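Engineer: This one is my_file-v8.cif, mmCIF, C-alpha atoms.
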data_query
#
loop_
_atom_site.label_atom_id
_atom_site.label_comp_id
_atom_site.auth_asym_id
_atom_site.auth_seq_id
_atom_site.Cartn_x
_atom_site.Cartn_y
_atom_site.Cartn_z
CA MET A 242 -10.09 21.86 12.62
CA SER A 243 -7.05 24.10 13.03
CA THR A 244 -6.53 27.34 11.11
CA PHE A 245 -3.75 25.62 9.17
CA SER A 246 -6.10 22.83 8.16
CA THR A 247 -8.66 25.25 6.78
CA VAL A 248 -5.97 26.94 4.66
CA LEU A 249 -5.12 23.80 2.71
CA GLY A 250 -8.23 21.75 3.39
CA ALA A 251 -9.20 18.11 3.38
CA GLU A 252 -8.12 17.60 -0.24
CA HIS A 253 -4.53 18.14 0.96
CA GLY A 254 -4.85 15.77 3.92
CA ALA A 255 -6.20 17.99 6.68
CA LEU A 256 -8.40 16.06 9.09
CA PRO A 257 -11.33 17.05 11.27
CA ASP A 258 -10.84 16.49 15.00
CA GLY A 259 -11.71 12.93 15.96
CA ALA A 260 -11.31 11.39 12.49
CA SER A 261 -11.64 7.63 12.46
CA VAL A 262 -9.61 5.03 10.57
CA PHE A 263 -12.93 4.17 8.92
CA ASP A 264 -13.57 7.69 7.51
CA ASP A 265 -13.29 6.94 3.81
CA ASP A 266 -14.59 10.41 2.95
CA CYS A 267 -11.35 11.92 4.36
CA PRO A 268 -8.55 11.84 1.75
CA ALA A 269 -6.00 11.59 4.59
CA VAL A 270 -7.50 8.19 5.43
CA ALA A 271 -8.74 7.04 2.02
CA ASN A 272 -5.35 7.73 0.35
CA LEU A 273 -3.36 5.63 2.80
CA ASP A 274 -1.51 2.65 1.36
CA PRO A 275 -4.10 -0.19 1.17
CA GLY A 276 -1.97 -2.57 3.26
CA LEU A 277 -1.41 0.03 5.97
CA LEU A 278 -5.09 0.96 6.03
CA ALA A 279 -6.21 -2.68 6.24
CA ALA A 280 -3.83 -3.40 9.12
CA LEU A 281 -4.85 -0.20 10.88
CA ARG A 282 -8.53 -1.06 10.56
CA ARG A 283 -8.01 -4.60 11.88
CA ALA A 284 -6.10 -3.20 14.86
CA ALA A 285 -8.70 -0.49 15.47
CA ALA A 286 -11.53 -3.04 15.48
CA ASP A 287 -9.69 -5.20 18.00
CA ALA A 288 -8.76 -2.17 20.13
CA GLU A 289 -12.41 -1.09 20.11
CA ALA A 290 -13.27 -4.47 21.68
CA ASP A 291 -10.85 -3.48 24.48
CA GLY A 292 -12.60 -0.12 24.85
CA VAL A 293 -9.92 1.86 22.99
CA ARG A 294 -10.79 4.12 20.02
CA PHE A 295 -8.20 5.11 17.44
CA VAL A 296 -8.20 8.67 16.12
CA VAL A 297 -6.24 9.61 13.00
CA ASN A 298 -4.36 12.85 13.64
CA GLY A 299 -2.36 12.60 10.42
CA GLY A 300 -2.35 10.29 7.45
CA TRP A 301 -1.77 10.86 3.75
CA ARG A 302 -0.73 14.45 2.98
CA SER A 303 -0.23 16.35 -0.24
CA ARG A 304 3.23 17.65 -1.07
CA ALA A 305 1.95 21.19 -0.42
CA TYR A 306 0.73 20.23 3.06
CA GLN A 307 4.05 18.56 3.91
CA GLN A 308 6.02 21.54 2.56
CA ARG A 309 3.96 23.84 4.76
CA LEU A 310 4.58 21.63 7.80
CA ARG A 311 8.32 21.68 7.06
CA ARG A 312 8.41 25.49 6.70
CA ASP A 313 6.51 25.83 9.97
CA ALA A 314 8.95 23.44 11.69
CA VAL A 315 11.97 25.41 10.46
CA ALA A 316 10.39 28.59 11.83
CA LYS A 317 9.58 26.88 15.14
CA TYR A 318 12.91 25.09 15.67
CA GLY A 319 15.18 27.68 14.07
CA SER A 320 17.01 25.56 11.50
CA GLU A 321 16.58 22.91 8.82
CA GLN A 322 18.66 20.52 10.93
CA GLU A 323 16.43 20.82 14.01
CA ALA A 324 13.25 20.76 11.94
CA ALA A 325 14.43 17.47 10.34
CA ARG A 326 14.08 15.81 13.75
CA TRP A 327 10.30 16.31 13.53
CA VAL A 328 9.19 16.92 9.94
CA THR A 329 10.68 15.47 6.77
CA THR A 330 10.71 17.05 3.35
CA ALA A 331 7.86 16.37 0.94
CA ASP A 332 10.06 14.27 -1.34
CA ARG A 333 10.97 11.90 1.54
CA SER A 334 7.83 11.91 3.68
CA ALA A 335 6.12 8.59 4.32
CA HIS A 336 2.93 10.62 4.84
CA VAL A 337 3.07 12.00 1.28
CA GLN A 338 3.48 8.41 0.07
CA GLY A 339 0.48 7.30 2.17
CA LYS A 340 2.71 4.97 4.17
CA ALA A 341 2.47 6.57 7.63
CA VAL A 342 -0.27 7.41 10.07
CA ASP A 343 -0.29 9.48 13.25
CA VAL A 344 -2.55 7.90 15.85
CA GLY A 345 -4.12 9.25 19.01
CA PRO A 346 -5.14 9.54 21.76
CA ALA A 347 -2.58 8.32 24.31
CA GLU A 348 -4.65 5.19 25.08
CA ALA A 349 -4.61 4.19 21.41
CA ARG A 350 -0.87 4.74 21.19
CA ALA A 351 -0.36 2.62 24.31
CA TRP A 352 -2.56 -0.12 22.83
CA LEU A 353 -0.60 -0.05 19.56
CA SER A 354 2.69 -0.03 21.39
CA GLU A 355 1.68 -3.28 23.07
CA HIS A 356 -0.23 -4.98 20.24
CA GLY A 357 0.76 -3.25 16.98
CA ALA A 358 3.39 -5.78 15.86
CA ARG A 359 0.63 -8.41 15.54
CA TYR A 360 -0.75 -6.29 12.71
CA GLY A 361 2.60 -5.22 11.31
CA LEU A 362 2.11 -1.72 12.73
CA CYS A 363 5.32 -0.33 14.17
CA ARG A 364 6.51 2.85 15.76
CA ILE A 365 9.45 4.11 13.75
CA TYR A 366 10.79 7.05 15.80
CA ARG A 367 11.39 7.25 19.55
CA ASN A 368 10.51 10.95 19.58
CA GLU A 369 7.17 10.43 17.78
CA PRO A 370 5.01 7.99 19.77
CA TRP A 371 2.06 8.73 17.45
CA HIS A 372 3.79 7.83 14.13
CA TYR A 373 3.18 4.28 12.82
CA GLU A 374 4.15 2.57 9.59
CA LEU A 375 3.45 -0.89 8.19
CA ARG A 376 6.22 -3.45 8.62
CA PRO A 377 4.63 -6.79 7.57
CA GLU A 378 7.63 -8.76 8.82
CA ALA A 379 6.82 -7.55 12.35
CA VAL A 380 3.94 -10.03 12.51
CA GLU A 381 6.50 -12.85 12.78
CA HIS A 382 9.65 -11.08 13.95
CA GLY A 383 8.48 -8.08 15.97
CA CYS A 384 9.06 -4.45 15.14
CA PRO A 385 12.55 -3.32 14.16
CA PRO A 386 14.54 -1.03 16.47
CA MET A 387 13.36 2.57 16.37
CA TYR A 388 15.36 5.50 15.08
CA ALA A 389 15.86 8.34 17.56
CA ASP A 390 14.04 10.69 15.17
CA PRO A 391 13.44 11.14 11.42
CA SER A 392 16.86 12.74 10.91
CA GLN A 393 18.44 9.37 11.85
CA ASP A 394 16.34 7.39 9.35
CA PRO A 395 18.43 6.58 6.24
CA ARG A 396 15.28 6.81 4.09
CA MET A 397 15.09 10.52 4.93
CA ARG A 398 18.55 11.41 3.62
#
Using structure tokens, write down the structure from this file.
Structural biologist:
Amino acid sequence: MSTFSTVLGAEHGALPDGASVFDDDCPAVANLDPGLLAALRRAAADAEADGVRFVVNGGWRSRAYQQRLRRDAVAKYGSEQEAARWVTTADRSAHVQGKAVDVGPAEARAWLSEHGARYGLCRIYRNEPWHYELRPEAVEHGCPPMYADPSQDPRMR
């Protein structure tokens, strides 16, 4: 667990390394939207049959956790505008709402990129290959076009 994670802790959405989509004792997993979590678990079970294991690197987050991430991004990127390309505000974040999950490792992201639409799991941002959200209509129609980054997503404005 990173130093940051130990500051705010699991109750705010911090995850131990290697957390599974089946780790109900982790609030970051347990507090995900039920539809997203169900789709994610179905996909993870099928991926496991292909020898691919999903790891949750980010899920539900408290407002405090998201605010901290945003402050850190502003410090790292030098401005609110640049930070917005990577981290949204707590009042707009799909993570705070439990409607987004960050998946790893690379093999899991590749598997989801190929198969995710079958479960309604779609990548939303071209610059964040780990970030997935539930789009139930994708099961029949495929995933919608991606935004370049969160700053281009109208939900984030």
Engineer: Quick check on the file I pasted: which residues fall under the PyMOL selection byres ((chain A and resi 356) around 12)? Write them as a PDB file with C-alpha atoms, in the frame of the given file.
Structural biologist:
ATOM      1  CA  ALA A 280      -3.830  -3.400   9.120  1.00  0.00           C
ATOM      2  CA  LEU A 281      -4.850  -0.200  10.880  1.00  0.00           C
ATOM      3  CA  ARG A 283      -8.010  -4.600  11.880  1.00  0.00           C
ATOM      4  CA  ALA A 284      -6.100  -3.200  14.860  1.00  0.00           C
ATOM      5  CA  ALA A 285      -8.700  -0.490  15.470  1.00  0.00           C
ATOM      6  CA  ASP A 287      -9.690  -5.200  18.000  1.00  0.00           C
ATOM      7  CA  ALA A 288      -8.760  -2.170  20.130  1.00  0.00           C
ATOM      8  CA  ASP A 291     -10.850  -3.480  24.480  1.00  0.00           C
ATOM      9  CA  ALA A 349      -4.610   4.190  21.410  1.00  0.00           C
ATOM     10  CA  ARG A 350      -0.870   4.740  21.190  1.00  0.00           C
ATOM     11  CA  ALA A 351      -0.360   2.620  24.310  1.00  0.00           C
ATOM     12  CA  TRP A 352      -2.560  -0.120  22.830  1.00  0.00           C
ATOM     13  CA  LEU A 353      -0.600  -0.050  19.560  1.00  0.00           C
ATOM     14  CA  SER A 354       2.690  -0.030  21.390  1.00  0.00           C
ATOM     15  CA  GLU A 355       1.680  -3.280  23.070  1.00  0.00           C
ATOM     16  CA  GLY A 357       0.760  -3.250  16.980  1.00  0.00           C
ATOM     17  CA  ALA A 358       3.390  -5.780  15.860  1.00  0.00           C
ATOM     18  CA  ARG A 359       0.630  -8.410  15.540  1.00  0.00           C
ATOM     19  CA  TYR A 360      -0.750  -6.290  12.710  1.00  0.00           C
ATOM     20  CA  GLY A 361       2.600  -5.220  11.310  1.00  0.00           C
ATOM     21  CA  LEU A 362       2.110  -1.720  12.730  1.00  0.00           C
ATOM     22  CA  CYS A 363       5.320  -0.330  14.170  1.00  0.00           C
ATOM     23  CA  ARG A 364       6.510   2.850  15.760  1.00  0.00           C
ATOM     24  CA  ALA A 379       6.820  -7.550  12.350  1.00  0.00           C
ATOM     25  CA  VAL A 380       3.940 -10.030  12.510  1.00  0.00           C
ATOM     26  CA  GLY A 383       8.480  -8.080  15.970  1.00  0.00           C
ATOM     27  CA  CYS A 384       9.060  -4.450  15.140  1.00  0.00           C
TER      28      CYS A 384
END
Engineer: Quick one: which residues end up in the PyMOL selection byres ((chain A and resi 386) around 9) for this structure, as a VMD selection string?
Structural biologist: chain A and resid 364 to 366 384 to 385 387 to 388
Engineer: Quick one, how far is atom CA of Leu277 of chain A from atom CA of Tyr306 of chain A?
Structural biologist: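 If I compute the distance from atom CA of Leu277 of chain A to atom CA of Tyr306 of chain A, I get 20.5 Å.
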Engineer: So that I can see what lies close to segment 340-344 of chain A, please list as an NGL selection string the residues with an atom at most 8 Å from it, counting all atoms listed in the file and leaving out residues fewer than 2 positions away in the same chain.
Structural biologist: :A and (273-274 or 277 or 295-301 or 335-338 or 346 or 349-350 or 371-375)
Engineer: At a cut-off of 8 Å around the point (-11.0, 6.7, 11.2) (file coordinates), what residues fall inside when counting all atoms listed in the file? I'd like the answer as a list in words.
Structural biologist: Gly259, Ala260, Ser261, Val262, Phe263, Asp264, Asp265, Val270, Phe295, Val296 and Val297 of chain A
Engineer: Could you tell me, as a PyMOL selection string, which residues have any atom at most 9 Å from (8.6, 12.5, 13.3), counting only C-alpha atoms?
Structural biologist: chain A and resi 325-329+365-372+390-392
Engineer: What does the distance between atom CA of Gln308 of chain A and atom CA of Ala331 of chain A come to in Å, to one decimal place?
Structural biologist: 5.7 Å
Engineer: Nearest to Leu249 of chain A: which of A:Val315, A:Ala305, A:Ala286, A:Cys267 is it, counting only C-alpha atoms?
Structural biologist: A:Ala305
Engineer: Measuring atom to atom with all atoms listed in the file, identify which of A:His253, A:Arg396, A:Arg294, A:His382 is nearest to Leu310 of chain A.
Structural biologist: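 Closest to Leu310 of chain A, using all atoms listed in the file: A:His253.
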Engineer: Hey, can you check how far atom CA of Asp266 of chain A sits from atom CA of Val248 of chain A?
Structural biologist: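 Those two atoms sit 18.7 Å apart.
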Engineer: Once 8 Å is added on each side, what centre and edge lengths in Å to one decimal does the axis-aligned box around all listed atoms of segment 296-299 of chain A have, as lines of an AutoDock Vina configuration file?
Structural biologist:
center_x = -5.3
center_y = 10.8
center_z = 13.3
size_x = 21.8
size_y = 20.2
size_z = 21.7
Engineer: What would the file be for segment 303-345 of chain A if you keep N, CA and C atoms and write it as a CSV table (one decimal), in the first residue's frame?
Structural biologist:
chain,number,residue,atom,x,y,z
A,303,SER,N,-13.8,8.1,-1.5
A,303,SER,CA,-14.5,9.1,-0.7
A,303,SER,C,-14.2,10.5,-1.4
A,304,ARG,N,-15.0,11.5,-1.0
A,304,ARG,CA,-14.7,12.8,-1.5
A,304,ARG,C,-13.3,13.3,-1.1
A,305,ALA,N,-12.9,13.0,0.2
A,305,ALA,CA,-11.6,13.4,0.7
A,305,ALA,C,-10.5,12.8,-0.1
A,306,TYR,N,-10.6,11.5,-0.5
A,306,TYR,CA,-9.6,10.8,-1.3
A,306,TYR,C,-9.5,11.5,-2.6
A,307,GLN,N,-10.6,11.7,-3.3
A,307,GLN,CA,-10.6,12.3,-4.6
A,307,GLN,C,-10.1,13.8,-4.6
A,308,GLN,N,-10.4,14.5,-3.5
A,308,GLN,CA,-9.9,15.9,-3.4
A,308,GLN,C,-8.4,15.8,-3.2
A,309,ARG,N,-7.9,14.9,-2.5
A,309,ARG,CA,-6.4,14.7,-2.3
A,309,ARG,C,-5.8,14.4,-3.6
A,310,LEU,N,-6.4,13.5,-4.4
A,310,LEU,CA,-5.8,13.1,-5.7
A,310,LEU,C,-5.8,14.3,-6.6
A,311,ARG,N,-6.8,15.1,-6.6
A,311,ARG,CA,-6.9,16.4,-7.4
A,311,ARG,C,-5.8,17.3,-7.0
A,312,ARG,N,-5.6,17.6,-5.7
A,312,ARG,CA,-4.6,18.5,-5.2
A,312,ARG,C,-3.2,18.0,-5.7
A,313,ASP,N,-3.0,16.7,-5.6
A,313,ASP,CA,-1.7,16.1,-6.0
A,313,ASP,C,-1.5,16.3,-7.5
A,314,ALA,N,-2.6,16.1,-8.3
A,314,ALA,CA,-2.5,16.3,-9.7
A,314,ALA,C,-2.1,17.7,-10.1
A,315,VAL,N,-2.8,18.7,-9.4
A,315,VAL,CA,-2.5,20.1,-9.7
A,315,VAL,C,-1.0,20.4,-9.4
A,316,ALA,N,-0.5,19.9,-8.3
A,316,ALA,CA,0.9,20.0,-7.9
A,316,ALA,C,1.8,19.4,-9.0
A,317,LYS,N,1.5,18.2,-9.4
A,317,LYS,CA,2.3,17.5,-10.4
A,317,LYS,C,2.3,18.1,-11.8
A,318,TYR,N,1.1,18.5,-12.3
A,318,TYR,CA,0.9,19.0,-13.6
A,318,TYR,C,1.0,20.6,-13.7
A,319,GLY,N,1.0,21.3,-12.6
A,319,GLY,CA,1.2,22.7,-12.6
A,319,GLY,C,0.0,23.6,-12.8
A,320,SER,N,-1.2,23.0,-13.1
A,320,SER,CA,-2.4,23.9,-13.2
A,320,SER,C,-3.6,23.0,-13.1
A,321,GLU,N,-4.7,23.7,-12.7
A,321,GLU,CA,-6.0,23.0,-12.7
A,321,GLU,C,-6.4,22.4,-14.0
A,322,GLN,N,-6.1,23.2,-15.1
A,322,GLN,CA,-6.4,22.8,-16.5
A,322,GLN,C,-5.7,21.5,-16.8
A,323,GLU,N,-4.4,21.4,-16.6
A,323,GLU,CA,-3.7,20.2,-16.9
A,323,GLU,C,-4.1,19.0,-16.0
A,324,ALA,N,-4.3,19.3,-14.7
A,324,ALA,CA,-4.7,18.3,-13.8
A,324,ALA,C,-6.1,17.7,-14.2
A,325,ALA,N,-7.0,18.5,-14.8
A,325,ALA,CA,-8.3,18.0,-15.2
A,325,ALA,C,-8.2,17.0,-16.3
A,326,ARG,N,-7.1,16.9,-17.0
A,326,ARG,CA,-6.9,15.8,-18.0
A,326,ARG,C,-6.7,14.4,-17.4
A,327,TRP,N,-6.5,14.4,-16.1
A,327,TRP,CA,-6.2,13.1,-15.4
A,327,TRP,C,-7.0,12.9,-14.2
A,328,VAL,N,-7.4,13.9,-13.5
A,328,VAL,CA,-8.2,13.7,-12.2
A,328,VAL,C,-9.3,14.7,-12.1
A,329,THR,N,-10.5,14.2,-12.0
A,329,THR,CA,-11.7,15.1,-11.9
A,329,THR,C,-11.9,15.6,-10.4
A,330,THR,N,-12.7,16.6,-10.3
A,330,THR,CA,-13.1,17.1,-9.0
A,330,THR,C,-14.0,16.1,-8.3
A,331,ALA,N,-14.0,16.1,-6.9
A,331,ALA,CA,-14.8,15.2,-6.2
A,331,ALA,C,-16.3,15.3,-6.5
A,332,ASP,N,-16.8,16.5,-6.8
A,332,ASP,CA,-18.2,16.6,-7.1
A,332,ASP,C,-18.6,16.0,-8.5
A,333,ARG,N,-17.6,15.8,-9.4
A,333,ARG,CA,-17.9,15.2,-10.7
A,333,ARG,C,-17.4,13.8,-10.9
A,334,SER,N,-16.6,13.3,-10.0
A,334,SER,CA,-15.9,12.0,-10.2
A,334,SER,C,-16.8,10.8,-10.2
A,335,ALA,N,-16.7,10.0,-11.3
A,335,ALA,CA,-17.4,8.8,-11.3
A,335,ALA,C,-16.9,7.8,-10.2
A,336,HIS,N,-15.7,7.9,-9.8
A,336,HIS,CA,-15.2,7.1,-8.7
A,336,HIS,C,-15.9,7.4,-7.4
A,337,VAL,N,-16.1,8.7,-7.1
A,337,VAL,CA,-16.8,9.0,-5.9
A,337,VAL,C,-18.3,8.5,-5.9
A,338,GLN,N,-18.8,8.4,-7.1
A,338,GLN,CA,-20.2,7.9,-7.3
A,338,GLN,C,-20.2,6.4,-7.3
A,339,GLY,N,-19.0,5.7,-7.3
A,339,GLY,CA,-19.0,4.3,-7.4
A,339,GLY,C,-19.2,3.7,-8.8
A,340,LYS,N,-19.1,4.6,-9.8
A,340,LYS,CA,-19.4,4.2,-11.1
A,340,LYS,C,-18.2,4.1,-12.1
A,341,ALA,N,-17.0,4.0,-11.5
A,341,ALA,CA,-15.8,3.8,-12.3
A,341,ALA,C,-14.9,2.8,-11.6
A,342,VAL,N,-14.1,2.1,-12.3
A,342,VAL,CA,-13.1,1.2,-11.8
A,342,VAL,C,-11.8,1.3,-12.6
A,343,ASP,N,-10.7,1.3,-11.9
A,343,ASP,CA,-9.4,1.3,-12.6
A,343,ASP,C,-8.9,-0.2,-12.5
A,344,VAL,N,-8.6,-0.8,-13.7
A,344,VAL,CA,-8.3,-2.2,-13.7
A,344,VAL,C,-6.8,-2.4,-14.2
A,345,GLY,N,-6.2,-3.3,-13.7
A,345,GLY,CA,-4.8,-3.7,-14.1
A,345,GLY,C,-4.8,-5.2,-14.0
